[in-house]
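Student: Hey, dropping upload35.cif in here, mmCIF, C-alpha atoms and all ligand atoms:
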```
data_query
loop_
_atom_site.group_PDB
_atom_site.id
_atom_site.type_symbol
_atom_site.label_atom_id
_atom_site.label_comp_id
_atom_site.auth_asym_id
_atom_site.auth_seq_id
_atom_site.Cartn_x
_atom_site.Cartn_y
_atom_site.Cartn_z
ATOM 1 C CA MET A 111 -3.907 -17.775 -8.518
ATOM 2 C CA THR A 112 -6.265 -14.829 -8.230
ATOM 3 C CA ILE A 113 -6.926 -13.705 -4.660
ATOM 4 C CA ILE A 114 -8.771 -10.400 -5.240
ATOM 5 C CA GLU A 115 -11.206 -10.012 -8.075
ATOM 6 C CA VAL A 116 -12.759 -6.627 -8.800
ATOM 7 C CA ARG A 117 -15.573 -7.014 -11.296
ATOM 8 C CA GLU A 118 -17.075 -4.065 -13.144
ATOM 9 C CA VAL A 119 -17.178 -1.978 -9.996
ATOM 10 C CA SER A 120 -18.818 1.442 -9.962
ATOM 11 C CA LYS A 121 -19.101 3.753 -6.992
ATOM 12 C CA ARG A 122 -21.181 6.882 -6.910
ATOM 13 C CA PHE A 123 -21.218 9.353 -4.039
ATOM 14 C CA THR A 124 -24.108 11.675 -3.472
ATOM 15 C CA SER A 125 -23.406 14.777 -1.432
ATOM 16 C CA LYS A 126 -24.662 18.346 -1.159
ATOM 17 C CA LYS A 127 -22.374 19.271 -4.044
ATOM 18 C CA GLY A 128 -24.115 16.704 -6.229
ATOM 19 C CA GLU A 129 -23.171 13.309 -7.562
ATOM 20 C CA SER A 130 -19.635 12.153 -8.121
ATOM 21 C CA GLU A 131 -18.717 9.069 -10.063
ATOM 22 C CA ALA A 132 -15.708 7.963 -8.049
ATOM 23 C CA LEU A 133 -15.349 4.681 -9.974
ATOM 24 C CA ALA A 134 -16.887 3.524 -13.230
ATOM 25 C CA GLY A 135 -16.648 -0.012 -14.536
ATOM 26 C CA VAL A 136 -13.390 -0.923 -12.809
ATOM 27 C CA SER A 137 -12.128 -4.479 -13.173
ATOM 28 C CA LEU A 138 -8.880 -5.780 -11.763
ATOM 29 C CA ALA A 139 -7.533 -9.131 -10.646
ATOM 30 C CA VAL A 140 -4.769 -9.353 -8.038
ATOM 31 C CA ARG A 141 -2.829 -12.599 -7.715
ATOM 32 C CA GLU A 142 -1.833 -14.215 -4.486
ATOM 33 C CA GLY A 143 1.516 -12.870 -3.275
ATOM 34 C CA GLU A 144 1.501 -10.084 -5.807
ATOM 35 C CA PHE A 145 2.447 -6.449 -5.179
ATOM 36 C CA VAL A 146 0.018 -4.233 -7.072
ATOM 37 C CA CYS A 147 0.099 -0.440 -7.087
ATOM 38 C CA LEU A 148 -2.924 1.720 -7.827
ATOM 39 C CA LEU A 149 -1.400 4.800 -9.424
ATOM 40 C CA GLY A 150 -3.140 7.995 -10.426
ATOM 41 C CA PRO A 151 -3.707 11.663 -9.634
ATOM 42 C CA SER A 152 -5.662 12.899 -6.669
ATOM 43 C CA GLY A 153 -9.392 12.243 -7.049
ATOM 44 C CA CYS A 154 -9.157 9.292 -9.459
ATOM 45 C CA GLY A 155 -10.728 6.917 -6.936
ATOM 46 C CA LYS A 156 -7.695 5.118 -5.498
ATOM 47 C CA THR A 157 -8.824 5.385 -1.888
ATOM 48 C CA THR A 158 -12.377 4.541 -2.873
ATOM 49 C CA LEU A 159 -11.223 1.373 -4.620
ATOM 50 C CA LEU A 160 -8.958 0.382 -1.731
ATOM 51 C CA ASN A 161 -11.762 0.933 0.788
ATOM 52 C CA LEU A 162 -14.077 -1.245 -1.267
ATOM 53 C CA MET A 163 -11.488 -4.040 -1.420
ATOM 54 C CA ALA A 164 -10.856 -3.739 2.325
ATOM 55 C CA GLY A 165 -14.586 -3.949 3.011
ATOM 56 C CA TYR A 166 -15.054 -0.469 4.497
ATOM 57 C CA ASP A 167 -17.608 0.458 1.856
ATOM 58 C CA ARG A 168 -19.815 -1.218 -0.750
ATOM 59 C CA PRO A 169 -19.862 -0.659 -4.499
ATOM 60 C CA THR A 170 -22.870 0.961 -6.179
ATOM 61 C CA ALA A 171 -22.621 -1.645 -8.919
ATOM 62 C CA GLY A 172 -20.432 -4.648 -9.609
ATOM 63 C CA GLY A 173 -18.705 -6.767 -6.991
ATOM 64 C CA ILE A 174 -15.465 -7.687 -5.292
ATOM 65 C CA LEU A 175 -14.424 -11.203 -4.414
ATOM 66 C CA ILE A 176 -11.566 -12.223 -2.166
ATOM 67 C CA ASP A 177 -10.739 -15.926 -2.065
ATOM 68 C CA GLY A 178 -13.915 -16.383 -4.094
ATOM 69 C CA GLN A 179 -16.123 -14.791 -1.418
ATOM 70 C CA ALA A 180 -17.943 -11.480 -1.785
ATOM 71 C CA VAL A 181 -16.360 -8.760 0.362
ATOM 72 C CA THR A 182 -18.971 -7.362 2.720
ATOM 73 C CA SER A 183 -16.953 -6.102 5.694
ATOM 74 C CA PRO A 184 -13.381 -5.702 6.934
ATOM 75 C CA HIS A 185 -11.550 -8.897 7.786
ATOM 76 C CA PRO A 186 -8.991 -9.436 10.568
ATOM 77 C CA LYS A 187 -6.516 -10.966 8.111
ATOM 78 C CA ARG A 188 -6.728 -7.985 5.751
ATOM 79 C CA ILE A 189 -5.022 -4.979 7.218
ATOM 80 C CA THR A 190 -5.002 -1.393 5.989
ATOM 81 C CA ILE A 191 -2.191 1.093 6.613
ATOM 82 C CA PHE A 192 -3.206 4.721 6.110
ATOM 83 C CA GLN A 193 -1.199 7.810 5.312
ATOM 84 C CA GLU A 194 -1.585 9.321 8.733
ATOM 85 C CA TYR A 195 -0.030 7.131 11.350
ATOM 86 C CA ALA A 196 -2.948 5.382 12.944
ATOM 87 C CA LEU A 197 -1.080 4.592 16.139
ATOM 88 C CA LEU A 198 -2.511 4.629 19.611
ATOM 89 C CA PRO A 199 -0.800 7.632 21.229
ATOM 90 C CA TRP A 200 -1.054 6.342 24.803
ATOM 91 C CA LEU A 201 0.737 3.091 24.002
ATOM 92 C CA THR A 202 4.461 2.581 23.469
ATOM 93 C CA VAL A 203 5.956 1.170 20.278
ATOM 94 C CA LEU A 204 5.810 -2.292 21.826
ATOM 95 C CA GLY A 205 2.240 -1.711 23.020
ATOM 96 C CA ASN A 206 1.137 -0.581 19.583
ATOM 97 C CA VAL A 207 2.651 -3.593 17.841
ATOM 98 C CA GLN A 208 1.207 -5.970 20.438
ATOM 99 C CA TYR A 209 -2.236 -4.402 20.294
ATOM 100 C CA GLY A 210 -3.652 -6.339 17.346
ATOM 101 C CA LEU A 211 -2.339 -9.615 18.722
ATOM 102 C CA ARG A 212 -3.898 -8.984 22.131
ATOM 103 C CA ILE A 213 -7.239 -8.289 20.482
ATOM 104 C CA GLN A 214 -6.946 -11.598 18.692
ATOM 105 C CA GLY A 215 -6.463 -13.284 22.056
ATOM 106 C CA TRP A 216 -2.837 -14.297 21.704
ATOM 107 C CA ARG A 217 -0.981 -15.412 24.815
ATOM 108 C CA ARG A 218 1.267 -12.899 26.527
ATOM 109 C CA ARG A 219 4.490 -14.654 25.698
ATOM 110 C CA GLU A 220 3.778 -15.225 21.992
ATOM 111 C CA THR A 221 2.505 -11.682 21.726
ATOM 112 C CA LEU A 222 5.741 -10.309 23.115
ATOM 113 C CA GLU A 223 7.977 -12.516 20.968
ATOM 114 C CA THR A 224 6.071 -11.787 17.783
ATOM 115 C CA ALA A 225 5.944 -8.048 18.432
ATOM 116 C CA GLN A 226 9.690 -7.996 19.092
ATOM 117 C CA LYS A 227 10.355 -9.896 15.888
ATOM 118 C CA TYR A 228 8.472 -7.341 13.791
ATOM 119 C CA ILE A 229 9.913 -4.359 15.638
ATOM 120 C CA GLN A 230 13.315 -5.715 14.734
ATOM 121 C CA MET A 231 12.256 -6.313 11.136
ATOM 122 C CA VAL A 232 11.398 -2.642 10.661
ATOM 123 C CA GLY A 233 14.592 -1.522 12.411
ATOM 124 C CA LEU A 234 13.110 -0.165 15.623
ATOM 125 C CA GLU A 235 14.811 -2.308 18.219
ATOM 126 C CA GLY A 236 15.826 -0.079 21.120
ATOM 127 C CA TYR A 237 12.720 2.085 20.678
ATOM 128 C CA GLU A 238 10.209 -0.331 22.224
ATOM 129 C CA ASP A 239 9.425 1.941 25.161
ATOM 130 C CA ARG A 240 8.966 5.174 23.215
ATOM 131 C CA HIS A 241 5.581 6.727 22.613
ATOM 132 C CA PRO A 242 4.494 7.833 19.114
ATOM 133 C CA HIS A 243 5.048 11.533 19.874
ATOM 134 C CA GLU A 244 8.689 10.771 20.649
ATOM 135 C CA LEU A 245 9.285 9.357 17.168
ATOM 136 C CA SER A 246 9.920 10.887 13.754
ATOM 137 C CA GLY A 247 7.332 10.486 10.993
ATOM 138 C CA GLY A 248 9.346 7.726 9.356
ATOM 139 C CA MET A 249 9.659 5.825 12.626
ATOM 140 C CA ARG A 250 5.953 6.120 13.293
ATOM 141 C CA GLN A 251 5.195 4.697 9.909
ATOM 142 C CA ARG A 252 7.614 1.855 10.634
ATOM 143 C CA VAL A 253 5.599 1.125 13.763
ATOM 144 C CA ALA A 254 2.426 1.091 11.659
ATOM 145 C CA VAL A 255 4.062 -1.394 9.264
ATOM 146 C CA ALA A 256 5.254 -3.598 12.157
ATOM 147 C CA ARG A 257 1.831 -3.493 13.754
ATOM 148 C CA ALA A 258 0.147 -4.496 10.511
ATOM 149 C CA LEU A 259 2.620 -7.300 9.785
ATOM 150 C CA ALA A 260 2.518 -8.714 13.317
ATOM 151 C CA VAL A 261 -0.965 -10.121 12.835
ATOM 152 C CA GLU A 262 0.354 -11.929 9.738
ATOM 153 C CA PRO A 263 -2.243 -10.529 7.357
ATOM 154 C CA GLU A 264 -3.059 -12.333 4.140
ATOM 155 C CA ILE A 265 -3.516 -9.027 2.401
ATOM 156 C CA LEU A 266 -1.978 -5.670 3.176
ATOM 157 C CA PHE A 267 -3.740 -2.579 1.860
ATOM 158 C CA MET A 268 -1.639 0.580 1.966
ATOM 159 C CA ASP A 269 -3.052 4.007 1.166
ATOM 160 C CA GLU A 270 -0.241 6.449 0.362
ATOM 161 C CA PRO A 271 1.506 5.305 3.535
ATOM 162 C CA PHE A 272 4.668 7.312 2.875
ATOM 163 C CA GLY A 273 3.018 10.413 1.443
ATOM 164 C CA ALA A 274 3.779 12.577 4.465
ATOM 165 C CA LEU A 275 7.450 11.626 4.733
ATOM 166 C CA ASP A 276 10.504 13.420 3.417
ATOM 167 C CA ALA A 277 11.929 12.056 0.167
ATOM 168 C CA LEU A 278 14.912 10.185 1.611
ATOM 169 C CA THR A 279 12.997 8.551 4.457
ATOM 170 C CA ARG A 280 10.475 7.505 1.899
ATOM 171 C CA LEU A 281 13.096 5.827 -0.309
ATOM 172 C CA LYS A 282 14.385 3.956 2.719
ATOM 173 C CA LEU A 283 10.915 2.738 3.679
ATOM 174 C CA GLU A 284 10.194 1.693 0.090
ATOM 175 C CA GLU A 285 13.341 -0.416 0.245
ATOM 176 C CA GLU A 286 12.291 -1.953 3.546
ATOM 177 C CA VAL A 287 8.774 -2.711 2.410
ATOM 178 C CA THR A 288 10.179 -4.465 -0.657
ATOM 179 C CA ARG A 289 12.520 -6.532 1.488
ATOM 180 C CA ILE A 290 9.798 -7.493 3.952
ATOM 181 C CA TRP A 291 7.375 -8.280 1.158
ATOM 182 C CA GLN A 292 9.945 -10.578 -0.484
ATOM 183 C CA GLU A 293 10.499 -12.327 2.843
ATOM 184 C CA LYS A 294 6.828 -12.682 3.708
ATOM 185 C CA ALA A 295 5.257 -12.966 0.257
ATOM 186 C CA ARG A 296 1.962 -11.391 1.276
ATOM 187 C CA THR A 297 -0.414 -9.882 -1.215
ATOM 188 C CA VAL A 298 -0.058 -6.091 -1.193
ATOM 189 C CA VAL A 299 -2.282 -3.445 -2.763
ATOM 190 C CA PHE A 300 -0.506 -0.118 -2.473
ATOM 191 C CA VAL A 301 -1.989 3.255 -3.408
ATOM 192 C CA THR A 302 0.271 6.047 -4.611
ATOM 193 C CA HIS A 303 0.289 9.084 -6.866
ATOM 194 C CA ASP A 304 4.064 8.823 -7.235
ATOM 195 C CA ILE A 305 5.203 7.236 -10.501
ATOM 196 C CA ASP A 306 8.688 6.369 -9.223
ATOM 197 C CA GLU A 307 7.290 4.764 -6.097
ATOM 198 C CA ALA A 308 4.930 2.599 -8.144
ATOM 199 C CA ILE A 309 7.668 1.435 -10.516
ATOM 200 C CA TYR A 310 10.052 0.778 -7.631
ATOM 201 C CA LEU A 311 7.550 -1.319 -5.679
ATOM 202 C CA ALA A 312 5.060 -3.037 -7.943
ATOM 203 C CA ASP A 313 4.835 -6.256 -9.881
ATOM 204 C CA ARG A 314 2.002 -4.607 -11.744
ATOM 205 C CA ILE A 315 0.682 -1.057 -11.829
ATOM 206 C CA ALA A 316 -2.983 -0.219 -12.350
ATOM 207 C CA VAL A 317 -2.875 3.207 -13.966
ATOM 208 C CA MET A 318 -6.007 5.144 -12.970
ATOM 209 C CA THR A 319 -7.554 8.295 -14.428
ATOM 210 C CA PRO A 320 -10.283 10.525 -12.948
ATOM 211 C CA ASN A 321 -13.778 11.741 -13.884
ATOM 212 C CA PRO A 322 -14.985 9.092 -13.668
ATOM 213 C CA GLY A 323 -12.367 6.963 -11.912
ATOM 214 C CA ARG A 324 -11.214 4.175 -14.154
ATOM 215 C CA VAL A 325 -8.355 1.733 -14.476
ATOM 216 C CA ARG A 326 -6.972 2.867 -17.774
ATOM 217 C CA ARG A 327 -4.284 0.248 -18.124
ATOM 218 C CA VAL A 328 -2.474 -2.396 -16.127
ATOM 219 C CA LEU A 329 1.278 -2.432 -16.681
ATOM 220 C CA THR A 330 3.675 -5.192 -15.717
ATOM 221 C CA VAL A 331 6.985 -4.032 -14.280
ATOM 222 C CA PRO A 332 9.544 -6.412 -15.792
ATOM 223 C CA LEU A 333 12.447 -5.310 -13.564
ATOM 224 C CA ASN A 334 14.435 -7.443 -11.142
ATOM 225 C CA ARG A 335 14.673 -6.409 -7.496
ATOM 226 C CA PRO A 336 16.314 -4.571 -5.895
ATOM 227 C CA ARG A 337 15.437 -1.971 -8.499
ATOM 228 C CA ASP A 338 17.575 0.913 -9.628
ATOM 229 C CA ARG A 339 15.649 4.131 -10.166
ATOM 230 C CA THR A 340 18.298 5.354 -12.607
ATOM 231 C CA ASP A 341 18.282 2.206 -14.722
ATOM 232 C CA LEU A 342 17.340 2.777 -18.382
ATOM 233 C CA ASP A 343 14.515 0.256 -18.252
ATOM 234 C CA PHE A 344 13.166 1.998 -15.164
ATOM 235 C CA LEU A 345 13.216 5.329 -16.994
ATOM 236 C CA ARG A 346 11.662 3.821 -20.089
ATOM 237 C CA LEU A 347 8.721 2.594 -18.059
ATOM 238 C CA LYS A 348 8.467 5.947 -16.355
ATOM 239 C CA ARG A 349 8.248 7.634 -19.737
ATOM 240 C CA GLU A 350 5.511 5.221 -20.782
ATOM 241 C CA ILE A 351 3.489 6.069 -17.676
ATOM 242 C CA TYR A 352 3.990 9.797 -18.209
ATOM 243 C CA ALA A 353 2.448 9.284 -21.632
ATOM 244 C CA GLU A 354 -0.524 7.455 -20.090
ATOM 245 C CA PHE A 355 -1.219 10.544 -18.010
ATOM 246 C CA GLU A 356 -0.678 12.698 -21.065
ATOM 247 C CA LEU A 357 2.241 14.393 -19.391
ATOM 248 C CA ALA A 358 4.944 15.254 -21.863
ATOM 249 C CA ALA A 359 8.413 14.114 -20.907
ATOM 250 C CA ARG A 360 10.754 17.098 -20.776
ATOM 251 C CA PRO A 361 12.101 17.823 -24.279
ATOM 252 C CA ALA A 362 15.685 17.787 -23.014
ATOM 253 C CA PHE A 363 15.144 14.335 -21.568
ATOM 254 C CA HIS A 364 15.914 11.740 -24.181
ATOM 255 C CA TYR A 365 18.069 8.705 -24.418
ATOM 256 C CA THR A 366 19.151 6.139 -26.934
ATOM 257 C CA ILE A 367 19.241 2.437 -26.438
HETATM 258 N N1 LIG B 401 -17.292 9.947 1.158
HETATM 259 C C1 LIG B 401 -17.356 10.650 0.021
HETATM 260 N N2 LIG B 401 -18.395 11.452 -0.269
HETATM 261 C C2 LIG B 401 -18.458 12.138 -1.425
HETATM 262 N N3 LIG B 401 -17.528 12.076 -2.377
HETATM 263 C C3 LIG B 401 -16.463 11.311 -2.160
HETATM 264 C C4 LIG B 401 -16.300 10.540 -0.959
HETATM 265 N N4 LIG B 401 -15.135 9.865 -1.021
HETATM 266 C C5 LIG B 401 -14.589 10.186 -2.205
HETATM 267 N N5 LIG B 401 -15.366 11.042 -2.895
HETATM 268 C C6 LIG B 401 -15.104 11.568 -4.244
HETATM 269 O O1 LIG B 401 -14.758 10.503 -5.084
HETATM 270 C C7 LIG B 401 -13.666 10.826 -5.925
HETATM 271 C C8 LIG B 401 -12.509 9.871 -5.682
HETATM 272 O O2 LIG B 401 -11.985 10.114 -4.393
HETATM 273 P P1 LIG B 401 -10.792 9.264 -3.761
HETATM 274 O O3 LIG B 401 -11.112 7.824 -3.876
HETATM 275 O O4 LIG B 401 -10.544 9.802 -2.411
HETATM 276 O O5 LIG B 401 -9.582 9.615 -4.745
HETATM 277 P P2 LIG B 401 -8.010 9.446 -4.545
HETATM 278 O O6 LIG B 401 -7.777 8.571 -3.371
HETATM 279 O O7 LIG B 401 -7.529 8.861 -5.838
HETATM 280 O O8 LIG B 401 -7.473 10.832 -4.359
HETATM 281 C C9 LIG B 401 -13.352 12.289 -5.648
HETATM 282 O O9 LIG B 401 -14.015 13.061 -6.592
HETATM 283 C C10 LIG B 401 -13.892 12.491 -4.251
HETATM 284 O O10 LIG B 401 -14.274 13.838 -4.073
HETATM 285 MG MG MG B 402 -6.712 8.894 -1.600
#
```
Hey, can you dump this file as structure tokens for me?
Ligand SMILES: Nc1ncnc2c1ncn2[C@@H]1O[C@H](COP(=O)(O)OP(=O)(O)O)[C@@H](O)[C@H]1O
Ligand SMILES: [Mg+2]

Tutor:
Amino acid sequence: MTIIEVREVSKRFTSKKGESEALAGVSLAVREGEFVCLLGPSGCGKTTLLNLMAGYDRPTAGGILIDGQAVTSPHPKRITIFQEYALLPWLTVLGNVQYGLRIQGWRRRETLETAQKYIQMVGLEGYEDRHPHELSGGMRQRVAVARALAVEPEILFMDEPFGALDALTRLKLEEEVTRIWQEKARTVVFVTHDIDEAIYLADRIAVMTPNPGRVRRVLTVPLNRPRDRTDLDFLRLKREIYAEFELAARPAFHYTI
């Protein structure tokens, strides 16, 4: 069943430098429980599209429906995780994860239990009393994930959440997000410019190109999880996406089936 429907959306920005057509005629349907990646180079409109879906901005033309209703503003059950760790620096890990629940008026005891459950889920038990500045980048992003999940969102929007992390931490977090997503079966829209990350995570990949921003193609990833980045089918798909971006695969890189 379709949960998010993007219909012929265009978005134009006017600034001192002139007009930019961030999105032109973008259509995309996301199914309930699906993991969709928006993949494309910098400037192709990924963040713009995510912000429109999350209700932070309005399209110039076209429309977006979630659960059949036009999106007009952010919604407490639709949470966005940004690249930079949007944690509250004066609160501890526990405080940060509890924050959203407190705002929603949860009781103290349920708030504590739920926060602890999600802290454990992202592997941060034992760090409840630390403040964000006492944590590594990867740990901070784990807190952001726990905080987002704690309010049990229907939809999770993630905008290059692991972009600032080192490669190995990033692989680990990709694994964890996959595991949590399989457990919780939430709908996820995940922005990345990293081809491997998109293939590793997504059920489907919306391949985007810039000037103006468009969804060029939507690819299904027909690979079982957990996925192996060195699997031939993985590499085959990677090659196909390289071609979409008109990037030549290295001549020395070839394989036979
Ligand atoms: N608030 C804004 N004002 C003016 N131009 C913007 C604004 N936000 C984005 N843009 C422009 O829209 C295009 C798409 O940007 P963005 O959605 O941030 O791309 P991406 O996230 O794929 O890197 C770019 O050309 C960018 O400069
Ligand atoms: Mg962006």

Student: Under the PyMOL selection byres (((not hetatm)) within 7 of (chain B and resi 401)), which residues of this model are included? Write them out as a PDB file with C-alpha atoms, in the frame of the given file.

Tutor:
```pdb
ATOM      1  CA  PHE A 123     -21.218   9.353  -4.039  1.00  0.00           C
ATOM      2  CA  THR A 124     -24.108  11.675  -3.472  1.00  0.00           C
ATOM      3  CA  SER A 125     -23.406  14.777  -1.432  1.00  0.00           C
ATOM      4  CA  SER A 130     -19.635  12.153  -8.121  1.00  0.00           C
ATOM      5  CA  GLU A 131     -18.717   9.069 -10.063  1.00  0.00           C
ATOM      6  CA  ALA A 132     -15.708   7.963  -8.049  1.00  0.00           C
ATOM      7  CA  GLY A 150      -3.140   7.995 -10.426  1.00  0.00           C
ATOM      8  CA  PRO A 151      -3.707  11.663  -9.634  1.00  0.00           C
ATOM      9  CA  SER A 152      -5.662  12.899  -6.669  1.00  0.00           C
ATOM     10  CA  GLY A 153      -9.392  12.243  -7.049  1.00  0.00           C
ATOM     11  CA  CYS A 154      -9.157   9.292  -9.459  1.00  0.00           C
ATOM     12  CA  GLY A 155     -10.728   6.917  -6.936  1.00  0.00           C
ATOM     13  CA  LYS A 156      -7.695   5.118  -5.498  1.00  0.00           C
ATOM     14  CA  THR A 157      -8.824   5.385  -1.888  1.00  0.00           C
ATOM     15  CA  THR A 158     -12.377   4.541  -2.873  1.00  0.00           C
ATOM     16  CA  LEU A 159     -11.223   1.373  -4.620  1.00  0.00           C
ATOM     17  CA  GLY A 323     -12.367   6.963 -11.912  1.00  0.00           C
TER      18      GLY A 323
END
```

Student: Once the PyMOL selection byres (((chain A and resi 283) around 9) and not hetatm) has been applied to the shown file, what residues remain in the selection, as a PyMOL selection string?

Tutor: chain A and resi 232+248+251-252+272+278-282+284-288

Student: Can you list what the PyMOL selection byres (((chain A and resi 116) around 9) and not hetatm) grabs from this structure, as a PyMOL selection string?

Tutor: chain A and resi 114-115+117-119+136-140+163+172-176

Student: Mind pulling up the distance from CA of Ala171 in chain A to CA of Ser120 in chain A?

Tutor: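 So the two atoms, CA of Ser120 in chain A and CA of Ala171 in chain A, lie 5.0 Å apart.
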
Student: Return the single residue from A:Leu234, A:Ile309, A:Leu266, A:Ile191 that is closest to Val203 in chain A, with distances computed using all atoms listed in the file.

Tutor: A:Leu234

Student: Excluding Ala308 in chain A and its own-chain neighbours fewer than 4 positions away, which residues fall within 7 Å of it when counting only C-alpha atoms? Please give them as a list in words.

Tutor: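 Using only C-alpha atoms, the neighbours found are Cys147, Leu149, Thr302, Asp304, Ala312 and Ile315 of chain A.
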
Student: Need a file for range 323-342 of chain A from that block: C-alpha atoms, written as a PDB file, in the first residue's frame.

Tutor:
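For reference, result-v4.pdb as written:
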```pdb
ATOM      1  CA  GLY A 323      16.497  17.860 -10.195  1.00  0.00           C
ATOM      2  CA  ARG A 324      14.658  14.844 -11.479  1.00  0.00           C
ATOM      3  CA  VAL A 325      14.070  11.227 -10.576  1.00  0.00           C
ATOM      4  CA  ARG A 326      15.653   9.602 -13.563  1.00  0.00           C
ATOM      5  CA  ARG A 327      14.824   6.029 -12.694  1.00  0.00           C
ATOM      6  CA  VAL A 328      13.589   3.909  -9.825  1.00  0.00           C
ATOM      7  CA  LEU A 329      15.509   0.668  -9.378  1.00  0.00           C
ATOM      8  CA  THR A 330      14.449  -2.316  -7.314  1.00  0.00           C
ATOM      9  CA  VAL A 331      17.220  -3.976  -5.329  1.00  0.00           C
ATOM     10  CA  PRO A 332      16.488  -7.699  -5.640  1.00  0.00           C
ATOM     11  CA  LEU A 333      19.020  -8.804  -2.999  1.00  0.00           C
ATOM     12  CA  ASN A 334      18.328 -10.682   0.219  1.00  0.00           C
ATOM     13  CA  ARG A 335      19.450  -9.202   3.530  1.00  0.00           C
ATOM     14  CA  PRO A 336      21.926  -9.123   5.110  1.00  0.00           C
ATOM     15  CA  ARG A 337      23.594  -7.976   1.915  1.00  0.00           C
ATOM     16  CA  ASP A 338      27.133  -8.665   0.834  1.00  0.00           C
ATOM     17  CA  ARG A 339      28.842  -5.702  -0.795  1.00  0.00           C
ATOM     18  CA  THR A 340      31.193  -8.038  -2.663  1.00  0.00           C
ATOM     19  CA  ASP A 341      28.439 -10.241  -4.057  1.00  0.00           C
ATOM     20  CA  LEU A 342      28.311 -10.370  -7.875  1.00  0.00           C
TER      21      LEU A 342
END
```
